[in-house]
>>> print(open('input-v7.txt').read())   # compact mmCIF, C-alpha atoms and all ligand atoms
# COMPACT_ATOMS: atom_id res chain seq x y z
CA MET A 1 -6.97 12.24 11.99
CA PRO A 2 -3.66 13.06 10.25
CA ASN A 3 -1.51 10.02 9.68
CA GLU A 4 1.93 9.90 11.30
CA ILE A 5 3.42 7.79 8.54
CA SER A 6 5.48 9.85 6.10
CA LYS A 7 7.68 7.35 4.25
CA ALA A 8 7.02 5.36 1.10
CA ILE A 9 9.11 2.84 -0.80
CA VAL A 10 8.42 2.75 -4.53
CA PRO A 11 9.98 -0.32 -6.17
CA ALA A 12 10.82 0.54 -9.78
CA ALA A 13 13.67 -1.84 -10.54
CA GLY A 14 11.82 -4.43 -12.66
CA LEU A 15 13.46 -5.10 -16.02
CA GLY A 16 10.38 -4.49 -18.16
CA THR A 17 11.33 -7.24 -20.62
CA ARG A 18 7.67 -7.88 -21.48
CA LEU A 19 7.55 -4.33 -22.89
CA LEU A 20 10.52 -4.52 -25.26
CA PRO A 21 11.38 -2.67 -27.44
CA ALA A 22 9.61 0.25 -25.68
CA THR A 23 11.75 -0.37 -22.59
CA LYS A 24 15.06 -0.97 -24.37
CA SER A 25 16.57 2.26 -23.01
CA GLN A 26 13.87 3.71 -20.76
CA PRO A 27 12.21 2.39 -17.62
CA LYS A 28 8.68 1.02 -17.90
CA GLU A 29 7.78 3.33 -15.02
CA MET A 30 8.49 6.28 -17.35
CA LEU A 31 6.10 5.12 -20.09
CA PRO A 32 3.53 7.85 -20.60
CA VAL A 33 -0.07 7.23 -19.66
CA GLY A 34 -1.73 10.20 -21.33
CA ARG A 35 0.09 13.33 -20.22
CA LYS A 36 2.41 11.92 -17.57
CA PRO A 37 4.60 8.92 -16.88
CA VAL A 38 3.18 6.09 -14.78
CA VAL A 39 5.46 6.70 -11.80
CA GLN A 40 4.30 10.33 -11.54
CA TYR A 41 0.74 9.09 -10.90
CA VAL A 42 2.15 6.90 -8.13
CA ILE A 43 4.10 9.74 -6.49
CA GLU A 44 1.14 12.16 -6.74
CA GLU A 45 -1.13 9.55 -5.17
CA LEU A 46 1.31 9.13 -2.26
CA GLN A 47 1.65 12.91 -1.84
CA ALA A 48 -2.13 13.23 -1.74
CA ALA A 49 -2.21 10.53 0.96
CA GLY A 50 0.07 12.74 3.10
CA LEU A 51 3.43 11.03 2.49
CA ASN A 52 6.47 13.23 1.88
CA GLN A 53 9.56 11.00 1.90
CA MET A 54 9.87 8.71 -1.09
CA LEU A 55 12.53 6.08 -1.61
CA ILE A 56 12.47 4.91 -5.21
CA ILE A 57 14.24 1.60 -5.82
CA THR A 58 15.84 1.89 -9.21
CA GLY A 59 18.30 -0.18 -11.22
CA ARG A 60 20.14 -0.22 -14.51
CA ARG A 61 18.65 2.07 -17.21
CA LYS A 62 16.39 3.77 -14.64
CA ARG A 63 18.12 7.14 -14.44
CA ALA A 64 15.26 8.88 -16.25
CA ILE A 65 13.17 8.42 -13.09
CA GLU A 66 15.67 10.45 -11.04
CA ASP A 67 15.77 13.15 -13.70
CA HIS A 68 11.99 13.35 -13.75
CA PHE A 69 11.69 14.16 -10.03
CA ASP A 70 14.68 16.51 -9.96
CA PRO A 71 13.96 20.25 -10.22
CA ASP A 72 15.41 21.60 -13.47
CA PRO A 73 16.47 25.20 -12.67
CA MET A 74 17.08 26.12 -16.33
CA LEU A 75 13.69 24.87 -17.44
CA LEU A 76 11.97 26.56 -14.48
CA SER A 77 13.63 29.93 -15.07
CA ALA A 78 12.85 29.79 -18.81
CA LEU A 79 9.18 29.13 -18.01
CA GLU A 80 9.16 31.86 -15.35
CA GLN A 81 10.68 34.40 -17.73
CA ALA A 82 8.12 33.50 -20.34
CA GLY A 83 5.39 33.88 -17.68
CA ASN A 84 4.14 30.40 -18.55
CA GLU A 85 2.14 29.72 -15.38
CA ALA A 86 0.27 26.81 -16.94
CA LEU A 87 3.41 24.78 -17.63
CA LEU A 88 4.97 25.80 -14.30
CA SER A 89 1.97 24.35 -12.49
CA GLU A 90 2.42 21.12 -14.45
CA LEU A 91 5.79 20.75 -12.74
CA SER A 92 4.53 21.37 -9.20
CA PHE A 93 4.62 17.62 -8.38
CA ILE A 94 8.38 18.00 -7.90
CA GLN A 95 8.01 20.57 -5.11
CA ARG A 96 5.18 19.80 -2.67
CA ASN A 97 7.60 19.42 0.26
CA THR A 98 8.60 15.98 -0.92
CA ARG A 99 12.08 14.54 -0.40
CA PHE A 100 13.20 11.96 -2.92
CA PHE A 101 15.76 9.25 -2.18
CA TYR A 102 17.08 6.58 -4.51
CA THR A 103 18.77 3.26 -4.11
CA ARG A 104 19.71 0.72 -6.74
CA GLN A 105 18.85 -2.93 -6.94
CA SER A 106 21.85 -4.09 -8.95
CA SER A 107 20.54 -7.53 -9.93
CA PRO A 108 16.98 -8.82 -10.36
CA ARG A 109 16.51 -10.57 -7.02
CA GLY A 110 12.78 -10.04 -6.60
CA LEU A 111 10.28 -7.59 -5.17
CA GLY A 112 10.99 -8.66 -1.58
CA HIS A 113 14.70 -8.01 -2.03
CA ALA A 114 13.93 -4.59 -3.57
CA VAL A 115 11.70 -3.60 -0.64
CA GLY A 116 14.33 -4.91 1.80
CA LEU A 117 16.78 -2.34 0.43
CA GLY A 118 14.59 0.27 2.13
CA ALA A 119 15.25 -1.04 5.67
CA ASP A 120 17.70 1.72 6.70
CA PHE A 121 15.52 4.43 5.15
CA VAL A 122 12.44 3.24 7.04
CA ASP A 123 14.31 2.48 10.28
CA ASP A 124 11.78 2.10 13.15
CA ASP A 125 8.89 3.75 11.31
CA ASP A 126 5.89 2.31 9.53
CA CYS A 127 5.87 2.76 5.76
CA VAL A 128 3.87 2.43 2.57
CA VAL A 129 5.02 0.32 -0.37
CA ALA A 130 3.56 1.36 -3.74
CA LEU A 131 4.64 -0.46 -6.90
CA GLY A 132 6.01 2.04 -9.42
CA ASP A 133 4.39 0.40 -12.46
CA SER A 134 0.85 0.36 -11.04
CA LEU A 135 -1.52 3.24 -10.58
CA ILE A 136 -4.87 3.56 -8.87
CA ALA A 137 -7.58 5.31 -10.87
CA GLY A 138 -10.79 6.79 -9.54
CA GLU A 139 -12.26 10.01 -8.22
CA ASP A 140 -9.65 10.12 -5.43
CA PRO A 141 -6.70 7.83 -6.25
CA ALA A 142 -5.20 8.42 -2.78
CA ALA A 143 -8.31 7.18 -0.97
CA PRO A 144 -7.20 3.53 -0.65
CA VAL A 145 -3.74 4.33 0.79
CA ARG A 146 -5.23 6.98 3.09
CA ALA A 147 -7.77 4.48 4.43
CA MET A 148 -5.13 1.76 4.71
CA LEU A 149 -2.92 4.09 6.78
CA HIS A 150 -5.79 4.73 9.19
CA THR A 151 -6.55 1.02 9.39
CA HIS A 152 -2.89 0.27 10.06
CA GLN A 153 -2.80 2.72 12.97
CA ASP A 154 -6.25 1.93 14.38
CA LEU A 155 -5.70 -1.85 14.37
CA LYS A 156 -1.97 -1.70 15.23
CA ALA A 157 -1.38 -3.92 12.24
CA ALA A 158 1.87 -5.46 11.05
CA ALA A 159 0.63 -5.14 7.47
CA VAL A 160 -2.40 -3.89 5.54
CA ILE A 161 -2.52 -5.04 1.92
CA ALA A 162 -4.76 -3.72 -0.85
CA VAL A 163 -6.53 -6.52 -2.72
CA GLU A 164 -8.85 -6.63 -5.71
CA GLN A 165 -11.14 -9.16 -7.36
CA VAL A 166 -9.64 -10.66 -10.52
CA PRO A 167 -11.11 -13.20 -12.96
CA ALA A 168 -10.37 -16.78 -11.77
CA ASP A 169 -8.36 -17.54 -14.93
CA GLU A 170 -6.01 -14.60 -14.21
CA ALA A 171 -5.28 -15.33 -10.53
CA HIS A 172 -2.05 -17.19 -11.40
CA ARG A 173 -0.48 -13.83 -12.40
CA TYR A 174 -0.78 -12.33 -8.91
CA GLY A 175 -0.21 -12.76 -5.23
CA VAL A 176 -3.49 -14.30 -4.03
CA VAL A 177 -4.90 -14.05 -0.51
CA SER A 178 -7.28 -15.99 1.74
CA ILE A 179 -9.37 -13.94 4.13
CA LYS A 180 -11.46 -14.60 7.23
CA GLY A 181 -15.14 -14.92 6.26
CA ALA A 182 -16.70 -15.49 2.88
CA GLU A 183 -17.40 -12.06 1.40
CA PRO A 184 -14.70 -9.38 1.21
CA PRO A 185 -16.10 -6.06 2.48
CA PRO A 186 -14.99 -3.37 -0.05
CA GLY A 187 -13.36 -0.41 1.65
CA GLU A 188 -13.05 -2.17 5.02
CA PRO A 189 -10.24 -4.21 6.51
CA VAL A 190 -10.59 -7.95 6.85
CA VAL A 191 -8.21 -10.41 8.52
CA LEU A 192 -5.83 -11.98 6.02
CA THR A 193 -5.26 -15.64 6.82
CA ASP A 194 -2.95 -16.79 4.01
CA ILE A 195 -1.16 -15.53 0.92
CA ILE A 196 0.59 -17.20 -2.00
CA GLU A 197 2.58 -15.71 -4.89
CA LYS A 198 1.45 -16.70 -8.39
CA PRO A 199 -0.31 -19.99 -7.56
CA PRO A 200 -0.29 -22.54 -10.42
CA ARG A 201 -3.35 -22.21 -12.68
CA GLY A 202 -6.49 -23.62 -11.10
CA THR A 203 -5.05 -23.78 -7.56
CA ALA A 204 -5.64 -20.20 -6.34
CA PRO A 205 -7.35 -20.17 -2.93
CA SER A 206 -9.56 -17.21 -3.99
CA ASN A 207 -9.87 -14.57 -6.70
CA LEU A 208 -8.60 -11.81 -4.39
CA ALA A 209 -5.29 -10.56 -5.73
CA VAL A 210 -2.67 -8.33 -4.10
CA ALA A 211 -3.14 -4.87 -5.64
CA ALA A 212 0.21 -3.05 -5.57
CA ARG A 213 -0.29 -1.05 -2.33
CA TYR A 214 0.86 -2.11 1.15
CA VAL A 215 1.33 -0.52 4.59
CA PHE A 216 3.93 -2.20 6.79
CA SER A 217 5.35 -2.01 10.29
CA PRO A 218 9.16 -2.46 10.49
CA ALA A 219 8.51 -6.17 11.26
CA ILE A 220 8.40 -6.72 7.48
CA PHE A 221 12.16 -6.15 7.26
CA GLU A 222 12.93 -8.88 9.80
CA ALA A 223 10.53 -11.14 7.90
CA LEU A 224 12.27 -10.34 4.60
CA GLY A 225 15.62 -11.08 6.22
CA ARG A 226 14.56 -14.65 7.02
CA THR A 227 12.76 -15.26 3.71
CA PRO A 228 14.69 -17.63 1.42
CA PRO A 229 14.78 -17.05 -2.34
CA ASP A 230 12.21 -18.95 -4.41
CA ARG A 231 13.08 -21.40 -7.20
CA GLN A 232 13.89 -18.51 -9.55
CA GLY A 233 16.31 -17.08 -6.99
CA GLU A 234 13.95 -14.19 -6.12
CA ILE A 235 12.92 -13.09 -2.64
CA GLN A 236 9.16 -12.60 -2.73
CA LEU A 237 7.44 -9.93 -0.64
CA THR A 238 4.47 -12.29 -0.50
CA ASP A 239 6.56 -14.94 1.28
CA ALA A 240 7.64 -12.41 3.92
CA ILE A 241 3.98 -11.42 4.48
CA LYS A 242 3.14 -15.11 4.87
CA SER A 243 5.80 -15.43 7.53
CA LEU A 244 4.28 -12.46 9.44
CA ILE A 245 0.94 -14.30 9.41
CA GLN A 246 2.56 -17.53 10.57
CA MET A 247 4.16 -15.68 13.48
CA GLY A 248 0.69 -14.57 14.59
CA GLN A 249 1.18 -10.91 13.62
CA PRO A 250 -1.99 -8.94 12.72
CA VAL A 251 -2.18 -8.76 8.92
CA TYR A 252 -5.21 -7.34 7.11
CA ALA A 253 -6.45 -7.21 3.53
CA TRP A 254 -8.09 -4.01 2.34
CA PRO A 255 -10.37 -4.76 -0.65
CA LEU A 256 -10.51 -1.91 -3.19
CA ARG A 257 -14.01 -0.57 -3.82
CA ALA A 258 -15.60 -1.03 -7.26
CA ASP A 259 -14.86 2.61 -8.17
CA GLN A 260 -11.16 2.23 -7.28
CA ARG A 261 -9.27 0.42 -9.97
CA ARG A 262 -5.66 -0.71 -10.18
CA TYR A 263 -3.94 -0.44 -13.54
CA ASP A 264 -0.46 -1.57 -14.45
CA VAL A 265 1.93 -1.31 -17.36
CA GLY A 266 3.48 -4.75 -16.85
CA ASN A 267 2.72 -5.90 -20.40
CA PHE A 268 1.40 -4.32 -23.60
CA GLU A 269 -2.17 -5.50 -23.12
CA SER A 270 -2.45 -3.92 -19.66
CA TYR A 271 -0.46 -0.85 -20.79
CA PHE A 272 -2.83 -0.14 -23.69
CA ARG A 273 -5.87 -0.63 -21.43
CA THR A 274 -4.35 1.75 -18.88
CA PHE A 275 -3.51 4.35 -21.52
CA ILE A 276 -6.93 4.29 -23.17
CA ASP A 277 -8.95 4.42 -19.92
CA LEU A 278 -6.84 7.20 -18.42
CA VAL A 279 -6.91 9.31 -21.60
CA LEU A 280 -10.69 8.90 -21.82
CA ALA A 281 -10.90 10.15 -18.22
CA ASP A 282 -8.45 13.05 -18.76
CA GLU A 283 -10.09 16.30 -17.67
CA ARG A 284 -8.45 18.26 -20.49
CA TYR A 285 -8.30 15.82 -23.41
CA GLY A 286 -10.89 13.20 -22.47
CA TYR A 287 -13.64 14.85 -24.48
CA LEU A 288 -11.55 14.88 -27.66
CA ALA A 289 -10.45 11.29 -27.09
CA ARG A 290 -14.06 10.15 -26.58
CA GLN A 291 -15.16 11.92 -29.78
CA TYR A 292 -12.32 10.30 -31.71
CA ILE A 293 -12.98 6.80 -30.38
CA LYS A 294 -16.72 7.07 -31.11
CA ALA A 295 -15.97 8.07 -34.71
CA LYS A 296 -13.33 5.39 -35.04
CA ALA A 297 -15.62 2.69 -33.64
CA TYR A 298 -17.65 2.82 -36.85
CA GLU A 299 -14.60 1.69 -38.82
CA LEU A 300 -13.86 -1.31 -36.57
C1 LIG A 401 3.69 -8.13 -8.03
C2 LIG A 401 3.48 -8.90 -6.73
C3 LIG A 401 2.13 -9.61 -6.73
C4 LIG A 401 1.02 -8.60 -7.00
C5 LIG A 401 1.30 -7.83 -8.30
C6 LIG A 401 0.28 -6.71 -8.54
O1 LIG A 401 3.79 -9.03 -9.10
O2 LIG A 401 4.55 -9.84 -6.58
O3 LIG A 401 1.92 -10.23 -5.49
O4 LIG A 401 -0.24 -9.24 -7.08
O5 LIG A 401 2.60 -7.22 -8.27
O6 LIG A 401 0.29 -5.79 -7.51
P1 LIG A 401 4.42 -8.63 -10.54
O7 LIG A 401 3.33 -7.88 -11.26
O8 LIG A 401 5.61 -7.77 -10.26
O9 LIG A 401 4.74 -9.91 -11.21
>>> encode(input="input-v7.txt", output="structure tokens")
Amino acid sequence: MPNEISKAIVPAAGLGTRLLPATKSQPKEMLPVGRKPVVQYVIEELQAAGLNQMLIITGRRKRAIEDHFDPDPMLLSALEQAGNEALLSELSFIQRNTRFFYTRQSSPRGLGHAVGLGADFVDDDDCVVALGDSLIAGEDPAAPVRAMLHTHQDLKAAAVIAVEQVPADEAHRYGVVSIKGAEPPPGEPVVLTDIIEKPPRGTAPSNLAVAARYVFSPAIFEALGRTPPDRQGEIQLTDAIKSLIQMGQPVYAWPLRADQRRYDVGNFESYFRTFIDLVLADERYGYLARQYIKAKAYEL
């Protein structure tokens, strides 16, 4: 069944202060992971899930993202004249019938505020939200969003939220959910009963963390509109989702399967892990990287 949802919001306005100095003058979403910047993985995943209208929420020092998704006629004609088909195909992510839109979040007022800036773009439609600093790796990176879109339509949900198991001592870094029933069924929806953003250490209700992909009905924008800022002055998307649950709207968690992994570039530790794993899995350079790391391992 083809999905009828075509719009995605990609928040990419975060300041990236945990990645200084790498992010002094470039967005963290443009940091390379192997051969492409993080946000290109995100856009390609959404394209492969059938979405073709992308609203990227940018901010100060984020212009490189707009340049990256803009066709560059001079570059294209130089490659065409040189008959360089290989490099031309590397740039095909820009075409693929995708329309790109941009809006700026001028001050850091939180993920919920950033998503809320997409209200007019989304209008009365359902939409996907995919965080621009997080990618999904696996055989078919679009599989989770594709399945979540079907779930959203089949169950007439207000929200379907990807979740993943995280170690108990890391749960305080995430939005954490409670679900109906004891065991989360990977790759199947389960009713989400509660959600909390970054619970204090040791108080998380589970080790199921929100995993950077969401499908929403337009009800999320009303919920965001009545969500007050938290103590840091930020409007949290998690709080708006909680208010949907409290209003009795159908909200589901969608646990990623073991072979579907979320990576992010939020800090250097997770960036390095992302870079190494994705380079090792690269179809063109993975072999060389594996050889190098095996040889290097002897020296460590
Ligand atoms: C954001 C969300 C959080 C989620 C996380 C990973 O946090 O607020 O709920 O678990 O992304 O998807 P951030 O990493 O921006 O602090």
>>> closest_residue(input="input-v7.txt", among="A:Thr238, A:Ser270, A:Gln260, A:Thr17", to="ligand LIG 401 (chain A)", atoms="only C-alpha atoms and all ligand atoms")
A:Thr238
>>> residues_near_ligand(input="input-v7.txt", ligand="ligand LIG 401 (chain A)", cutoff="9 Å", atoms="only C-alpha atoms and all ligand atoms", output="count of residues only")
30
>>> closest_residue(input="input-v7.txt", among="A:Leu75, A:Gly118, A:Thr274, A:Ile235", to="Ile9 in chain A", atoms="only C-alpha atoms")
A:Gly118
>>> atom_distance(input="input-v7.txt", atom1="CA of Thr227 in chain A", atom2="CA of Thr58 in chain A")
21.7 Å
>>> closest_residue(input="input-v7.txt", among="A:Leu88, A:Thr23, A:Pro255, A:Arg61", to="Pro73 in chain A", atoms="only C-alpha atoms")
A:Leu88
>>> residues_around(input="input-v7.txt", residues="Gly132 in chain A", least_positions_apart="2", cutoff="7 Å", atoms="all atoms listed in the file", output="mmCIF file with C-alpha atoms, in the coordinates of the input")
data_model
loop_
_atom_site.group_PDB
_atom_site.id
_atom_site.type_symbol
_atom_site.label_atom_id
_atom_site.label_comp_id
_atom_site.auth_asym_id
_atom_site.auth_seq_id
_atom_site.Cartn_x
_atom_site.Cartn_y
_atom_site.Cartn_z
ATOM 1 C CA VAL A 10 8.420 2.750 -4.530
ATOM 2 C CA PRO A 11 9.980 -0.320 -6.170
ATOM 3 C CA ALA A 12 10.820 0.540 -9.780
ATOM 4 C CA GLU A 29 7.780 3.330 -15.020
ATOM 5 C CA VAL A 39 5.460 6.700 -11.800
ATOM 6 C CA VAL A 42 2.150 6.900 -8.130
ATOM 7 C CA ALA A 130 3.560 1.360 -3.740
ATOM 8 C CA SER A 134 0.850 0.360 -11.040
#
>>> residues_around(input="input-v7.txt", residues="Glu4 in chain A", least_positions_apart="4", cutoff="12 Å", atoms="only C-alpha atoms", output="count of residues only")
14
>>> atom_distance(input="input-v7.txt", atom1="CA of Leu288 in chain A", atom2="CA of Ala142 in chain A")
26.5 Å
>>> axis_aligned_box(input="input-v7.txt", around="range 15-23 of chain A", padding_each_side="3 Å", output="AutoDock Vina command-line options")
--center_x 10.5 --center_y -3.8 --center_z -21.7 --size_x 11.9 --size_y 14.1 --size_z 17.4
>>> closest_residue(input="input-v7.txt", among="A:Ala168, A:Ala48, A:Ile65, A:Ile43", to="Tyr102 in chain A", atoms="all atoms listed in the file")
A:Ile65
>>> residues_around(input="input-v7.txt", residues="Phe216 in chain A", least_positions_apart="4", cutoff="12 Å", atoms="all atoms listed in the file", output="NGL selection string")
:A and (5 or 7-9 or 115-116 or 118-119 or 122-130 or 145 or 148-149 or 151-153 or 156-162 or 220-224 or 237 or 240-241 or 244 or 249-253)
>>> residues_around(input="input-v7.txt", residues="range 276-284 of chain A", least_positions_apart="5", cutoff="8 Å", atoms="all atoms listed in the file", output="ChimeraX atom specification")
/A:33-34,137,289-290
>>> closest_residue(input="input-v7.txt", among="A:Leu256, A:Ile293, A:Val265, A:Ile57", to="Leu117 in chain A", atoms="all atoms listed in the file")
A:Ile57
>>> atom_distance(input="input-v7.txt", atom1="CA of Met247 in chain A", atom2="CA of Ala219 in chain A")
10.7 Å
>>> closest_residue(input="input-v7.txt", among="A:Glu45, A:Asp140, A:Asp120, A:Glu80", to="Phe101 in chain A", atoms="all atoms listed in the file")
A:Asp120
>>> build_atoms(input="input-v7.txt", residues="range 210-234 of chain A", atoms="N, CA, C and O atoms", output="CSV table (one decimal), keeping the file's coordinate frame")
chain,number,residue,atom,x,y,z
A,210,VAL,N,-3.4,-9.5,-4.7
A,210,VAL,CA,-2.7,-8.3,-4.1
A,210,VAL,C,-2.6,-7.2,-5.1
A,210,VAL,O,-2.3,-7.4,-6.3
A,211,ALA,N,-2.9,-6.0,-4.7
A,211,ALA,CA,-3.1,-4.9,-5.6
A,211,ALA,C,-2.2,-3.7,-5.5
A,211,ALA,O,-2.5,-2.6,-5.4
A,212,ALA,N,-0.9,-4.0,-5.4
A,212,ALA,CA,0.2,-3.0,-5.6
A,212,ALA,C,0.4,-2.0,-4.5
A,212,ALA,O,1.2,-1.1,-4.6
A,213,ARG,N,-0.4,-2.0,-3.4
A,213,ARG,CA,-0.3,-1.0,-2.3
A,213,ARG,C,-0.3,-1.8,-1.0
A,213,ARG,O,-1.1,-2.7,-0.8
A,214,TYR,N,0.7,-1.4,-0.1
A,214,TYR,CA,0.9,-2.1,1.2
A,214,TYR,C,1.2,-1.1,2.2
A,214,TYR,O,1.9,-0.1,1.9
A,215,VAL,N,0.8,-1.3,3.5
A,215,VAL,CA,1.3,-0.5,4.6
A,215,VAL,C,2.0,-1.5,5.5
A,215,VAL,O,1.4,-2.6,5.8
A,216,PHE,N,3.2,-1.2,6.0
A,216,PHE,CA,3.9,-2.2,6.8
A,216,PHE,C,4.5,-1.6,8.1
A,216,PHE,O,4.9,-0.4,8.1
A,217,SER,N,4.5,-2.4,9.1
A,217,SER,CA,5.4,-2.0,10.3
A,217,SER,C,6.8,-2.5,10.0
A,217,SER,O,7.0,-3.3,9.1
A,218,PRO,N,7.8,-2.1,10.8
A,218,PRO,CA,9.2,-2.5,10.5
A,218,PRO,C,9.4,-4.0,10.6
A,218,PRO,O,10.4,-4.5,10.1
A,219,ALA,N,8.4,-4.7,11.2
A,219,ALA,CA,8.5,-6.2,11.3
A,219,ALA,C,8.7,-6.8,9.9
A,219,ALA,O,9.3,-7.9,9.8
A,220,ILE,N,8.3,-6.1,8.8
A,220,ILE,CA,8.4,-6.7,7.5
A,220,ILE,C,9.9,-6.9,7.1
A,220,ILE,O,10.2,-7.9,6.4
A,221,PHE,N,10.7,-6.0,7.6
A,221,PHE,CA,12.2,-6.2,7.3
A,221,PHE,C,12.8,-7.4,7.9
A,221,PHE,O,13.6,-8.0,7.3
A,222,GLU,N,12.4,-7.6,9.2
A,222,GLU,CA,12.9,-8.9,9.8
A,222,GLU,C,12.4,-10.1,9.0
A,222,GLU,O,13.1,-11.0,8.7
A,223,ALA,N,11.1,-10.0,8.6
A,223,ALA,CA,10.5,-11.1,7.9
A,223,ALA,C,11.3,-11.3,6.6
A,223,ALA,O,11.5,-12.5,6.2
A,224,LEU,N,11.6,-10.2,5.9
A,224,LEU,CA,12.3,-10.3,4.6
A,224,LEU,C,13.7,-10.9,4.8
A,224,LEU,O,14.1,-11.8,4.0
A,225,GLY,N,14.3,-10.6,5.9
A,225,GLY,CA,15.6,-11.1,6.2
A,225,GLY,C,15.7,-12.6,6.4
A,225,GLY,O,16.7,-13.2,6.2
A,226,ARG,N,14.5,-13.2,6.8
A,226,ARG,CA,14.6,-14.6,7.0
A,226,ARG,C,13.8,-15.4,5.9
A,226,ARG,O,13.6,-16.6,6.0
A,227,THR,N,13.5,-14.6,4.8
A,227,THR,CA,12.8,-15.3,3.7
A,227,THR,C,13.8,-15.8,2.7
A,227,THR,O,14.5,-15.0,2.1
A,228,PRO,N,13.7,-17.1,2.4
A,228,PRO,CA,14.7,-17.6,1.4
A,228,PRO,C,14.2,-17.3,0.0
A,228,PRO,O,13.0,-17.1,-0.2
A,229,PRO,N,15.2,-17.3,-0.9
A,229,PRO,CA,14.8,-17.0,-2.3
A,229,PRO,C,13.9,-18.2,-2.8
A,229,PRO,O,14.0,-19.3,-2.4
A,230,ASP,N,13.0,-17.9,-3.8
A,230,ASP,CA,12.2,-19.0,-4.4
A,230,ASP,C,13.0,-19.7,-5.5
A,230,ASP,O,14.2,-19.5,-5.6
A,231,ARG,N,12.4,-20.6,-6.2
A,231,ARG,CA,13.1,-21.4,-7.2
A,231,ARG,C,13.8,-20.6,-8.3
A,231,ARG,O,14.7,-21.0,-8.9
A,232,GLN,N,13.2,-19.4,-8.5
A,232,GLN,CA,13.9,-18.5,-9.6
A,232,GLN,C,15.0,-17.7,-8.9
A,232,GLN,O,15.6,-16.8,-9.6
A,233,GLY,N,15.3,-17.9,-7.6
A,233,GLY,CA,16.3,-17.1,-7.0
A,233,GLY,C,15.8,-15.7,-6.5
A,233,GLY,O,16.6,-14.9,-6.2
A,234,GLU,N,14.5,-15.5,-6.5
A,234,GLU,CA,14.0,-14.2,-6.1
A,234,GLU,C,13.4,-14.3,-4.7
A,234,GLU,O,12.7,-15.3,-4.3
